[in-house]
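Shown next: data38.cif, given as mmCIF, C-alpha atoms.
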data_final
#
loop_
_atom_site.group_PDB
_atom_site.id
_atom_site.type_symbol
_atom_site.label_atom_id
_atom_site.label_comp_id
_atom_site.auth_asym_id
_atom_site.auth_seq_id
_atom_site.Cartn_x
_atom_site.Cartn_y
_atom_site.Cartn_z
ATOM 1 C CA MET A 1 -46.578 26.283 -8.214
ATOM 2 C CA ALA A 2 -43.636 23.860 -8.250
ATOM 3 C CA VAL A 3 -43.277 21.406 -5.393
ATOM 4 C CA GLN A 4 -39.994 19.614 -4.813
ATOM 5 C CA GLN A 5 -40.139 15.836 -5.154
ATOM 6 C CA ARG A 6 -37.425 15.098 -2.595
ATOM 7 C CA ARG A 7 -35.016 17.071 -0.473
ATOM 8 C CA VAL A 8 -31.641 18.022 -1.981
ATOM 9 C CA SER A 9 -28.775 16.957 0.280
ATOM 10 C CA LYS A 10 -26.071 19.384 1.430
ATOM 11 C CA SER A 11 -23.534 17.474 -0.620
ATOM 12 C CA ARG A 12 -25.515 17.673 -3.864
ATOM 13 C CA LYS A 13 -26.288 21.362 -3.272
ATOM 14 C CA GLY A 14 -22.578 22.027 -2.657
ATOM 15 C CA MET A 15 -21.607 20.190 -5.855
ATOM 16 C CA ARG A 16 -24.063 22.298 -7.848
ATOM 17 C CA LYS A 17 -22.846 25.583 -6.354
ATOM 18 C CA SER A 18 -19.142 24.727 -6.653
ATOM 19 C CA HIS A 19 -18.945 26.551 -10.008
ATOM 20 C CA LEU A 20 -20.452 29.807 -8.717
ATOM 21 C CA HIS A 21 -17.236 31.089 -7.115
ATOM 22 C CA LEU A 22 -15.634 34.406 -8.072
ATOM 23 C CA ASP A 23 -12.468 34.410 -10.130
ATOM 24 C CA PRO A 24 -9.542 36.599 -9.055
ATOM 25 C CA LYS A 25 -9.214 39.875 -10.930
ATOM 26 C CA GLN A 26 -6.689 39.831 -13.779
ATOM 27 C CA VAL A 27 -3.953 42.423 -13.324
ATOM 28 C CA GLY A 28 -1.070 43.185 -15.662
ATOM 29 C CA LYS A 29 1.695 45.764 -15.848
ATOM 30 C CA CYS A 30 1.588 49.031 -17.802
ATOM 31 C CA LYS A 31 4.273 49.052 -20.507
ATOM 32 C CA LYS A 32 5.081 52.742 -19.954
ATOM 33 C CA CYS A 33 5.058 53.264 -16.187
ATOM 34 C CA GLY A 34 4.987 49.711 -14.790
ATOM 35 C CA LYS A 35 1.985 50.308 -12.527
ATOM 36 C CA PRO A 36 -0.657 47.544 -12.168
ATOM 37 C CA VAL A 37 -3.501 47.878 -14.677
ATOM 38 C CA THR A 38 -6.398 45.654 -15.775
ATOM 39 C CA PRO A 39 -6.186 44.289 -19.338
ATOM 40 C CA HIS A 40 -7.726 46.288 -22.217
ATOM 41 C CA ARG A 41 -8.032 49.463 -20.107
ATOM 42 C CA VAL A 42 -6.265 52.820 -20.231
ATOM 43 C CA CYS A 43 -3.629 53.196 -17.514
ATOM 44 C CA LYS A 44 -4.921 55.617 -14.873
ATOM 45 C CA SER A 45 -1.478 56.813 -13.842
ATOM 46 C CA CYS A 46 0.068 57.667 -17.246
ATOM 47 C CA GLY A 47 -2.916 57.710 -19.676
ATOM 48 C CA TYR A 48 -1.406 55.322 -22.237
ATOM 49 C CA TYR A 49 -3.037 52.334 -23.927
ATOM 50 C CA ASN A 50 -1.223 50.142 -26.460
ATOM 51 C CA ASP A 51 1.722 52.599 -26.658
ATOM 52 C CA LYS A 52 -0.591 55.510 -27.565
ATOM 53 C CA LYS A 53 -1.450 58.553 -25.440
ATOM 54 C CA ILE A 54 -5.208 58.363 -24.906
ATOM 55 C CA ILE A 55 -5.964 60.746 -22.022
ATOM 56 C CA GLU A 56 -4.099 63.602 -20.380
ATOM 57 C CA VAL A 57 -3.376 62.809 -16.731
ATOM 58 C CA LYS A 58 -2.754 65.674 -14.324
#

Go ahead and express the file in the form of structure tokens.
Amino acid sequence: MAVQQRRVSKSRKGMRKSHLHLDPKQVGKCKKCGKPVTPHRVCKSCGYYNDKKIIEVK
């Protein structure tokens, strides 16, 4: 079993964990209807992706 050699300070622990934050979600605009949509996904409101009708939306 591993035993720590010396205690890690709060500062050093914070510096190590500073890169573990969450990035904000990328949101773009649909070219057909203008609603917000995530990149590389079919628009849920109109059913288009890359100017092609992919799904039929009711």

Which residues, written as a ChimeraX atom specification, have at least one atom at most 8 Å from stretch 50-52 of chain A, with all atoms listed in the file counted and residues fewer than 2 positions away on the same chain left out? /A:31-32,48,54

Do you have the atom CA of A:Lys17-atom CA of A:Thr38 distance handy? 27.6 Å

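One finds atom CA of A:Lys29 at 11.9 Å from atom CA of A:Lys44.
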
Please identify all polymer residues lying at most 9 Å from the point (-0.5, 54.7, -16.1) (file coordinates), using only C-alpha atoms, and present the result as a PyMOL selection string. chain A and resi 30-37+42-49+57

Where's the centre, and what are the edge lengths in Å to one decimal, of a box along x, y and z enclosing all listed atoms of stretch 37-55 of chain A padded 3 Å per side, as AutoDock Vina command-line options?
--center_x -3.2 --center_y 52.5 --center_z -20.7 --size_x 15.8 --size_y 22.5 --size_z 19.7

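For the pair atom CA of A:Asp23 and atom CA of A:His40, the separation is 17.6 Å.
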